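Enquirer: Data: final_14.tsv, TSV, C-alpha atoms.
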chain	number	residue	atom	x	y	z
A	1	MET	CA	-23.88	66.15	-99.27
A	2	THR	CA	-20.25	67.11	-98.69
A	3	LEU	CA	-21.31	69.62	-96.04
A	4	SER	CA	-23.89	67.31	-94.45
A	5	PRO	CA	-21.65	66.40	-91.44
A	6	VAL	CA	-21.33	70.12	-90.67
A	7	PHE	CA	-25.09	70.48	-91.02
A	8	TYR	CA	-25.55	67.51	-88.63
A	9	ARG	CA	-23.39	69.15	-85.95
A	10	PHE	CA	-25.27	72.44	-86.44
A	11	TYR	CA	-28.77	71.07	-85.98
A	12	ASP	CA	-27.64	68.69	-83.22
A	13	LYS	CA	-26.25	71.62	-81.25
A	14	ALA	CA	-29.49	73.52	-81.89
A	15	GLY	CA	-31.44	70.70	-80.23
A	16	PHE	CA	-33.12	69.22	-83.32
A	17	ASP	CA	-33.31	65.41	-83.06
A	18	ASN	CA	-34.06	63.15	-86.03
A	19	PHE	CA	-32.64	59.63	-86.01
A	20	TYR	CA	-33.25	58.85	-89.70
A	21	LEU	CA	-31.72	62.05	-91.04
A	22	SER	CA	-28.74	61.76	-88.68
A	23	PHE	CA	-28.25	58.10	-89.52
A	24	PHE	CA	-28.28	58.81	-93.25
A	25	ILE	CA	-25.75	61.65	-92.92
A	26	LEU	CA	-23.33	59.61	-90.81
A	27	TRP	CA	-23.87	56.50	-92.97
A	28	TYR	CA	-23.13	58.59	-96.05
A	29	MET	CA	-19.86	59.73	-94.45
A	30	GLY	CA	-18.84	56.10	-94.09
A	31	PHE	CA	-19.88	55.33	-97.65
A	32	VAL	CA	-17.77	58.18	-99.05
A	33	ILE	CA	-14.73	57.15	-97.02
A	34	LEU	CA	-14.94	53.53	-98.18
A	35	PHE	CA	-15.66	54.59	-101.77
A	36	GLY	CA	-12.52	56.74	-101.73
A	37	ILE	CA	-10.39	53.94	-100.26
A	38	TYR	CA	-11.63	51.35	-102.76
A	39	TYR	CA	-11.32	53.68	-105.73
A	40	PHE	CA	-7.73	54.47	-104.71
A	41	PHE	CA	-6.85	50.85	-105.47
A	42	ILE	CA	-8.53	51.06	-108.89
A	43	ASP	CA	-6.51	54.20	-109.69
A	44	PHE	CA	-3.34	52.58	-108.38
A	45	TYR	CA	-3.99	49.58	-110.62
A	46	HIS	CA	-4.34	51.88	-113.65
A	47	PHE	CA	-1.13	53.64	-112.63
A	48	LEU	CA	0.67	50.28	-112.58
A	49	LEU	CA	-0.68	49.49	-116.05
A	50	LYS	CA	0.87	52.72	-117.36
A	51	ILE	CA	4.23	51.89	-115.78
A	52	ILE	CA	4.17	48.35	-117.19
A	53	HIS	CA	3.22	49.67	-120.64
A	54	LYS	CA	6.18	52.05	-120.61
A	55	ILE	CA	8.57	49.26	-119.57
A	56	VAL	CA	7.44	46.37	-121.79
A	57	GLY	CA	5.53	48.20	-124.50
A	58	HIS	CA	2.17	46.54	-123.87
A	59	ASN	CA	-0.24	45.69	-121.02
A	60	PRO	CA	-0.30	42.00	-120.03
A	61	LEU	CA	-2.94	42.75	-117.38
A	62	PRO	CA	-6.61	43.45	-118.21
A	63	HIS	CA	-7.77	47.07	-118.32
A	64	ILE	CA	-10.70	48.12	-116.13
A	65	SER	CA	-12.96	50.65	-117.79
A	66	ILE	CA	-14.04	53.74	-115.86
A	67	LYS	CA	-17.67	52.61	-115.99
A	68	LYS	CA	-16.97	49.08	-114.73
A	69	GLY	CA	-14.60	50.40	-112.08
A	70	PHE	CA	-17.21	52.86	-110.82
A	71	ILE	CA	-19.98	50.24	-110.71
A	72	PHE	CA	-17.76	47.75	-108.89
A	73	VAL	CA	-16.55	50.25	-106.28
A	74	PHE	CA	-20.06	51.69	-105.80
A	75	ALA	CA	-21.54	48.22	-105.20
A	76	LEU	CA	-18.67	47.20	-102.94
A	77	SER	CA	-19.07	50.40	-100.88
A	78	ILE	CA	-22.80	49.82	-100.44
A	79	LEU	CA	-22.23	46.21	-99.35
A	80	SER	CA	-19.41	47.24	-97.01
A	81	THR	CA	-21.42	49.94	-95.26
A	82	ALA	CA	-24.37	47.55	-94.89
A	83	TYR	CA	-22.13	44.88	-93.36
A	84	GLY	CA	-20.33	47.53	-91.30
A	85	TYR	CA	-23.61	48.59	-89.71
A	86	TYR	CA	-24.49	44.95	-89.03
A	87	GLU	CA	-21.18	44.53	-87.21
A	88	THR	CA	-21.98	47.47	-84.89
A	89	LEU	CA	-24.97	45.47	-83.60
A	90	ASN	CA	-22.88	42.48	-82.46
A	91	LEU	CA	-21.62	43.43	-79.02
A	92	GLN	CA	-18.95	41.03	-77.73
A	93	VAL	CA	-18.42	40.23	-74.04
A	94	TYR	CA	-14.89	39.38	-72.94
A	95	ARG	CA	-14.15	37.78	-69.58
A	96	PHE	CA	-10.91	37.83	-67.62
A	97	ILE	CA	-9.84	36.57	-64.20
A	98	ILE	CA	-7.04	38.34	-62.34
A	99	TYR	CA	-5.60	36.94	-59.11
A	100	SER	CA	-4.07	39.32	-56.59
A	101	ASP	CA	-2.80	39.06	-53.03
A	102	LYS	CA	-3.79	42.69	-52.50
A	103	VAL	CA	-7.58	42.28	-52.53
A	104	GLU	CA	-9.42	41.27	-49.38
A	105	LYS	CA	-12.43	39.81	-51.17
A	106	ASP	CA	-13.37	38.72	-54.69
A	107	PHE	CA	-15.26	41.26	-56.81
A	108	LYS	CA	-16.37	41.78	-60.39
A	109	ILE	CA	-15.98	44.77	-62.75
A	110	LEU	CA	-18.00	45.63	-65.86
A	111	HIS	CA	-15.95	47.84	-68.17
A	112	ILE	CA	-17.68	49.88	-70.87
A	113	SER	CA	-16.22	52.53	-73.14
A	114	ASP	CA	-17.03	54.81	-76.06
A	115	LEU	CA	-20.82	54.65	-76.18
A	116	HIS	CA	-20.80	57.96	-78.11
A	117	LEU	CA	-24.39	58.65	-77.13
A	118	ASN	CA	-25.91	61.00	-79.69
A	119	GLN	CA	-28.75	60.97	-82.24
A	120	VAL	CA	-27.68	57.63	-83.74
A	121	MET	CA	-26.13	55.83	-80.76
A	122	ARG	CA	-29.26	55.75	-78.65
A	123	GLU	CA	-31.23	53.78	-76.05
A	124	ASP	CA	-30.58	50.45	-77.79
A	125	LYS	CA	-26.86	50.66	-76.91
A	126	ILE	CA	-27.64	51.36	-73.25
A	127	LYS	CA	-30.18	48.52	-73.14
A	128	LYS	CA	-27.55	46.05	-74.35
A	129	ILE	CA	-25.30	47.10	-71.48
A	130	ILE	CA	-28.18	46.79	-69.02
A	131	GLU	CA	-28.78	43.21	-70.23
A	132	ILE	CA	-25.13	42.34	-69.54
A	133	TYR	CA	-25.22	44.15	-66.20
A	134	GLU	CA	-28.31	42.26	-65.04
A	135	LYS	CA	-26.84	38.94	-66.13
A	136	GLU	CA	-23.33	39.44	-64.70
A	137	LYS	CA	-24.24	41.44	-61.57
A	138	PRO	CA	-20.88	43.23	-61.27
A	139	ASP	CA	-19.81	45.00	-58.08
A	140	ILE	CA	-18.32	47.94	-60.01
A	141	VAL	CA	-19.13	49.53	-63.38
A	142	ILE	CA	-16.50	51.65	-65.12
A	143	SER	CA	-16.83	53.90	-68.19
A	144	THR	CA	-13.57	55.02	-69.78
A	145	GLY	CA	-14.68	58.05	-71.75
A	146	ASP	CA	-16.65	59.16	-74.81
A	147	LEU	CA	-19.90	58.33	-73.06
A	148	VAL	CA	-21.29	61.44	-74.77
A	149	ASP	CA	-20.82	62.62	-78.35
A	150	GLY	CA	-23.29	65.38	-79.05
A	151	ASN	CA	-26.14	67.35	-77.55
A	152	VAL	CA	-27.55	65.34	-74.63
A	153	LYS	CA	-29.19	68.24	-72.82
A	154	ASN	CA	-32.71	66.82	-73.13
A	155	LYS	CA	-31.86	63.12	-73.37
A	156	ILE	CA	-33.71	62.20	-70.17
A	157	SER	CA	-34.41	58.70	-71.51
A	158	TYR	CA	-30.67	58.06	-71.72
A	159	ILE	CA	-30.16	59.21	-68.14
A	160	ASN	CA	-33.05	57.11	-66.80
A	161	LEU	CA	-31.69	53.98	-68.48
A	162	LEU	CA	-28.14	54.56	-67.24
A	163	ARG	CA	-29.44	55.06	-63.70
A	164	LYS	CA	-30.78	51.49	-63.77
A	165	ILE	CA	-27.15	50.42	-63.57
A	166	ASN	CA	-26.54	50.65	-59.85
A	167	PRO	CA	-23.79	48.27	-58.66
A	168	PRO	CA	-23.09	47.87	-54.92
A	169	LEU	CA	-19.59	49.43	-55.03
A	170	GLY	CA	-20.61	52.21	-57.44
A	171	LYS	CA	-19.95	53.24	-61.00
A	172	TYR	CA	-17.11	55.47	-62.11
A	173	ALA	CA	-16.28	57.41	-65.27
A	174	ILE	CA	-13.62	59.54	-66.89
A	175	LEU	CA	-13.88	62.00	-69.77
A	176	GLY	CA	-12.80	61.19	-73.31
A	177	ASN	CA	-11.92	63.48	-76.18
A	178	HIS	CA	-15.46	63.61	-77.60
A	179	GLU	CA	-16.89	65.06	-74.41
A	180	TYR	CA	-14.68	68.06	-75.09
A	181	TYR	CA	-15.61	68.22	-78.79
A	182	ALA	CA	-19.32	68.36	-77.95
A	183	ASP	CA	-19.84	70.45	-74.79
A	184	VAL	CA	-17.75	69.37	-71.83
A	185	GLU	CA	-19.89	71.07	-69.17
A	186	GLN	CA	-23.03	69.48	-70.59
A	187	ALA	CA	-21.25	66.11	-70.78
A	188	ILE	CA	-20.14	66.38	-67.14
A	189	ASP	CA	-23.68	67.21	-66.05
A	190	PHE	CA	-25.07	64.27	-68.06
A	191	THR	CA	-22.49	61.83	-66.67
A	192	GLN	CA	-23.16	62.83	-63.08
A	193	LYS	CA	-26.94	62.78	-63.49
A	194	SER	CA	-26.57	59.27	-64.92
A	195	GLY	CA	-25.12	58.18	-61.58
A	196	PHE	CA	-21.41	58.04	-62.36
A	197	LEU	CA	-18.76	59.44	-60.05
A	198	LEU	CA	-16.52	61.37	-62.42
A	199	LEU	CA	-12.79	61.06	-61.71
A	200	ARG	CA	-10.71	63.90	-63.12
A	201	ASP	CA	-7.06	63.50	-62.11
A	202	SER	CA	-8.30	62.08	-58.85
A	203	PHE	CA	-8.73	58.77	-57.06
A	204	ILE	CA	-11.03	57.05	-54.61
A	205	TYR	CA	-10.57	54.19	-52.14
A	206	LEU	CA	-13.16	51.41	-52.13
A	207	PRO	CA	-13.81	48.40	-49.90
A	208	TYR	CA	-11.79	45.20	-50.42
A	209	ASN	CA	-8.55	47.26	-50.46
A	210	VAL	CA	-9.21	48.73	-53.91
A	211	ALA	CA	-8.33	52.14	-55.37
A	212	ILE	CA	-9.65	53.63	-58.63
A	213	VAL	CA	-7.60	56.37	-60.30
A	214	GLY	CA	-9.07	58.38	-63.16
A	215	VAL	CA	-7.28	60.93	-65.35
A	216	ASP	CA	-8.59	63.56	-67.75
A	217	ASP	CA	-8.13	63.07	-71.48
A	218	ILE	CA	-5.13	64.78	-73.06
A	219	GLU	CA	-7.50	66.67	-75.42
A	220	ALA	CA	-8.47	68.83	-72.42
A	221	GLU	CA	-5.34	70.92	-72.98
A	222	ARG	CA	-6.59	71.99	-76.43
A	223	PHE	CA	-9.57	73.55	-74.66
A	224	GLY	CA	-7.44	75.38	-72.11
A	225	ILE	CA	-7.94	72.87	-69.30
A	226	LEU	CA	-4.60	71.93	-67.77
A	227	ARG	CA	-4.27	68.67	-65.88
A	228	LYS	CA	-3.63	68.87	-62.13
A	229	TYR	CA	-1.06	66.07	-62.25
A	230	ASN	CA	0.55	63.86	-64.85
A	231	ASP	CA	-0.06	60.10	-64.75
A	232	LEU	CA	3.03	59.32	-62.68
A	233	GLU	CA	2.36	62.08	-60.14
A	234	ILE	CA	-1.19	60.99	-59.42
A	235	LEU	CA	-0.30	57.29	-59.24
A	236	ASN	CA	2.46	58.12	-56.75
A	237	LYS	CA	-0.17	59.63	-54.47
A	238	VAL	CA	-2.08	56.34	-54.18
A	239	ASP	CA	-1.43	53.77	-51.46
A	240	LYS	CA	0.71	51.10	-53.16
A	241	ASP	CA	-0.82	48.36	-50.99
A	242	LYS	CA	-4.17	48.88	-52.72
A	243	PHE	CA	-5.29	47.02	-55.85
A	244	ILE	CA	-5.04	50.03	-58.19
A	245	ILE	CA	-7.38	50.33	-61.17
A	246	PHE	CA	-6.11	53.06	-63.52
A	247	LEU	CA	-8.60	54.67	-65.94
A	248	LYS	CA	-7.26	56.46	-69.01
A	249	HIS	CA	-9.23	57.11	-72.18
A	250	GLN	CA	-6.45	57.06	-74.76
A	251	PRO	CA	-4.11	54.07	-74.31
A	252	LYS	CA	-0.88	56.01	-74.23
A	253	ILE	CA	0.78	54.24	-71.33
A	254	ASP	CA	4.30	55.45	-70.56
A	255	LYS	CA	6.85	52.86	-69.50
A	256	ASN	CA	7.56	54.77	-66.29
A	257	ILE	CA	4.06	54.01	-64.92
A	258	ILE	CA	4.07	50.28	-65.69
A	259	GLY	CA	4.04	48.56	-62.31
A	260	LYS	CA	2.42	51.57	-60.62
A	261	PHE	CA	-1.05	50.09	-61.19
A	262	ASP	CA	-2.55	46.61	-61.20
A	263	LEU	CA	-5.12	47.04	-63.97
A	264	ALA	CA	-5.43	49.83	-66.55
A	265	LEU	CA	-8.67	50.25	-68.50
A	266	CYS	CA	-8.73	52.31	-71.71
A	267	GLY	CA	-10.79	52.88	-74.84
A	268	HIS	CA	-10.66	55.42	-77.68
A	269	THR	CA	-9.23	53.25	-80.49
A	270	HIS	CA	-12.38	51.34	-81.53
A	271	GLY	CA	-9.95	48.68	-82.69
A	272	GLY	CA	-9.30	50.84	-85.74
A	273	VAL	CA	-12.99	50.65	-86.89
A	274	ILE	CA	-11.79	49.23	-90.24
A	275	PHE	CA	-9.43	46.32	-89.52
A	276	PRO	CA	-6.26	47.43	-91.42
A	277	VAL	CA	-6.16	50.66	-89.36
A	278	LYS	CA	-5.27	48.64	-86.25
A	279	TYR	CA	-1.71	48.23	-87.56
A	280	ILE	CA	-1.33	52.02	-87.59
A	281	LEU	CA	-2.81	52.35	-84.11
A	282	ARG	CA	-0.26	49.88	-82.75
A	283	LYS	CA	2.43	52.41	-83.66
A	284	ILE	CA	0.62	55.21	-81.81
A	285	PHE	CA	-0.77	53.47	-78.71
A	286	ILE	CA	0.31	50.59	-76.51
A	287	THR	CA	-2.08	48.42	-78.54
A	288	ASP	CA	-5.11	48.85	-80.79
A	289	ALA	CA	-7.39	46.68	-78.64
A	290	GLY	CA	-7.30	43.73	-76.26
A	291	PHE	CA	-5.64	42.48	-73.12
A	292	LEU	CA	-1.94	42.49	-72.36
A	293	LYS	CA	0.48	42.30	-69.45
A	294	GLY	CA	3.55	44.38	-68.68
A	295	GLY	CA	5.50	43.49	-65.56
A	296	ASN	CA	2.99	43.32	-62.72
A	297	SER	CA	0.45	45.46	-64.59
A	298	TYR	CA	-2.45	44.34	-66.75
A	299	ILE	CA	-3.86	46.58	-69.48
A	300	PHE	CA	-7.13	46.27	-71.38
A	301	VAL	CA	-8.06	48.47	-74.35
A	302	SER	CA	-11.73	48.28	-75.35
A	303	ARG	CA	-13.00	48.61	-78.91
A	304	GLY	CA	-15.96	50.45	-77.41
A	305	VAL	CA	-19.71	50.00	-77.65
A	306	GLY	CA	-20.68	52.75	-80.10
A	307	THR	CA	-19.06	54.59	-82.99
A	308	GLY	CA	-17.83	58.15	-83.11
A	309	ALA	CA	-18.85	59.05	-86.65
A	310	ALA	CA	-20.17	56.68	-89.32
A	311	PRO	CA	-22.23	53.82	-87.80
A	312	LEU	CA	-20.06	51.05	-89.17
A	313	ARG	CA	-17.25	48.69	-88.21
A	314	ILE	CA	-15.38	46.20	-90.33
A	315	GLY	CA	-13.30	43.62	-88.50
A	316	ALA	CA	-13.54	45.53	-85.21
A	317	LEU	CA	-16.55	44.26	-83.28
A	318	PRO	CA	-17.80	46.38	-80.36
A	319	ASP	CA	-17.10	45.02	-76.90
A	320	VAL	CA	-17.44	45.24	-73.15
A	321	ALA	CA	-15.32	43.35	-70.63
A	322	ILE	CA	-15.98	41.52	-67.38
A	323	PHE	CA	-13.08	41.31	-64.92
A	324	GLU	CA	-13.20	38.99	-61.95
A	325	ILE	CA	-10.62	40.09	-59.41
A	326	LYS	CA	-9.94	37.19	-57.07
A	327	LYS	CA	-7.98	36.93	-53.87
A	328	LYS	CA	-4.81	34.99	-54.52
Mind turning the file's structure into C-alpha cells?

Expert:
Amino acid sequence: MTLSPVFYRFYDKAGFDNFYLSFFILWYMGFVILFGIYYFFIDFYHFLLKIIHKIVGHNPLPHISIKKGFIFVFALSILSTAYGYYETLNLQVYRFIIYSDKVEKDFKILHISDLHLNQVMREDKIKKIIEIYEKEKPDIVISTGDLVDGNVKNKISYINLLRKINPPLGKYAILGNHEYYADVEQAIDFTQKSGFLLLRDSFIYLPYNVAIVGVDDIEAERFGILRKYNDLEILNKVDKDKFIIFLKHQPKIDKNIIGKFDLALCGHTHGGVIFPVKYILRKIFITDAGFLKGGNSYIFVSRGVGTGAAPLRIGALPDVAIFEIKKK
C-alpha cells in the first residue's frame, strides 16, 4: 500500500487504465496523509500530558488510550476523505467585471486551470466546463496549466470533448509543472489536438485591442528547458496600448512586473487543498487563491478544477472564473 502511488505511475505510463483501482490508490494516499496529520495532534496531546505531569506531579487532563485514539483518528480520516471527495464535485463559478479604456469592444473570458486530466480526473470534469461554456458563451477560453497529469496518449474522448469548446476569439493555454512531470511532449500534443493555442514565452494580438502573453512554468528548467525570456523581458515586448492578459501557472508575481499587464491569470495552488495550508501558500505566492489588485494590474489565482494527487479538498472548493472586460 505504501508503494501503491509508485505502482499507479508505473501502470499509467504503461497505458493501463482502470478508474476504480486508480481512484482507490489516490484516495488511500489522501487517507494516509490525513491520518498522519490527525494522529500528530493525538501524539502532541500525550506529549503535553507528560510535560504537565513532570511540572505538577499529576495529569489534570484526561488520558486518551491508544485504542480509543486510533479508532477516533481512523473514523475521522474516513469521514474527512469522504467529505473531501464530495467537495471536489462542487465546482464554483466566480464572476468579475473589469472596465478598461484600452479595449475597443466588450468581451468575455472563461478561465480554467488545473484539470489534471488522468485516470481519475476524467470526462466528467470536462463536461462541467462545457456546461459553463455553453451557458456563458465566452469570447475567449484560457487554461493556465496542469491540463494534463498522466498518460493521455489514447484519451481521444478527452480531446473530442475539449474540442467542443470553440469560442470565437480562440482558446489559449500554457504549461504547468505537471505537464513536465508526466510527459511534456505528449502533453503538448494533447493540448494542441484539443484545440488550444499553446503560448510558451510568447504572445499573440487579438481583436478589440487585446494581447495575451503566456510563459512557461519555472519547473521547465529542472528538465533542461531554459526559458527564452523572463517575465519582464517578454512583457516589455508587448504593445503597452493593448489590454494585456498575462498567463502564468505558478502565482509568483514579481513587483517589477506589476503595472506591465492589465490582468494576470494563474493557478497551481488549489487553494491549499486542505484549508490551513493556504496560510503557508500566502508566504510563498502572491496569494493562495482569489482576486486582487496591485496598482493598475488585476490578478486572479484559481483553485483549479481537478486535483493533482488524492481526489479530495477540504475548505478549498474547485473553481472557474468568468471575466467580463468592458470598455470604460

Enquirer: Mind giving me the straight-line distance from CA of Ile274 (chain A) to CA of Lys293 (chain A) in Å, one decimal?

Expert: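 That distance, rounded to one decimal, is 25.1 Å.
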
Enquirer: Pick the closest to Arg222 (chain A) from A:Phe24, A:Ala316, A:Tyr181, A:Ala187: which is it, counting all atoms listed in the file?

Expert: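 Among A:Phe24, A:Ala316, A:Tyr181, A:Ala187, it is A:Tyr181 that comes nearest to Arg222 (chain A).
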
Enquirer: Near Leu199 (chain A), counting all atoms listed in the file, which residues have an atom at most 8 Å away, once you skip same-chain residues fewer than 4 positions from it, shown as a PDB file with C-alpha atoms, in the frame of the given file?

Expert:
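The resulting file, result.pdb, is shown below:
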ATOM      1  CA  TYR A 172     -17.110  55.470 -62.110  1.00  0.00           C
ATOM      2  CA  ALA A 173     -16.280  57.410 -65.270  1.00  0.00           C
ATOM      3  CA  ILE A 174     -13.620  59.540 -66.890  1.00  0.00           C
ATOM      4  CA  PHE A 203      -8.730  58.770 -57.060  1.00  0.00           C
ATOM      5  CA  VAL A 213      -7.600  56.370 -60.300  1.00  0.00           C
ATOM      6  CA  GLY A 214      -9.070  58.380 -63.160  1.00  0.00           C
ATOM      7  CA  VAL A 215      -7.280  60.930 -65.350  1.00  0.00           C
ATOM      8  CA  ASP A 216      -8.590  63.560 -67.750  1.00  0.00           C
TER       9      ASP A 216
END

Enquirer: Nearest residue to Val238 (chain A) out of A:Tyr298, A:Phe261, A:Phe72, A:Tyr83, using only C-alpha atoms?

Expert: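 Using only C-alpha atoms, Val238 (chain A) sits closest to A:Phe261.
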
Enquirer: Using CA of Asp231 (chain A) and CA of Lys283 (chain A) as the two end points, give the distance in Å to one decimal.

Expert: 20.6 Å

Enquirer: If I put a ball of radius 12 Å at (-7.3, 54.0, -83.9) in the file's coordinates, which residues poke into it when counting all atoms listed in the file, written as a ChimeraX atom specification?

Expert: /A:250-252,267-289,301-304,307-308,316

Enquirer: Near Glu179 (chain A), counting only C-alpha atoms, which residues have an atom at most 7 Å away, once you skip same-chain residues fewer than 5 positions from it, shown as a ChimeraX atom specification?

Expert: /A:146,148-149,184,187
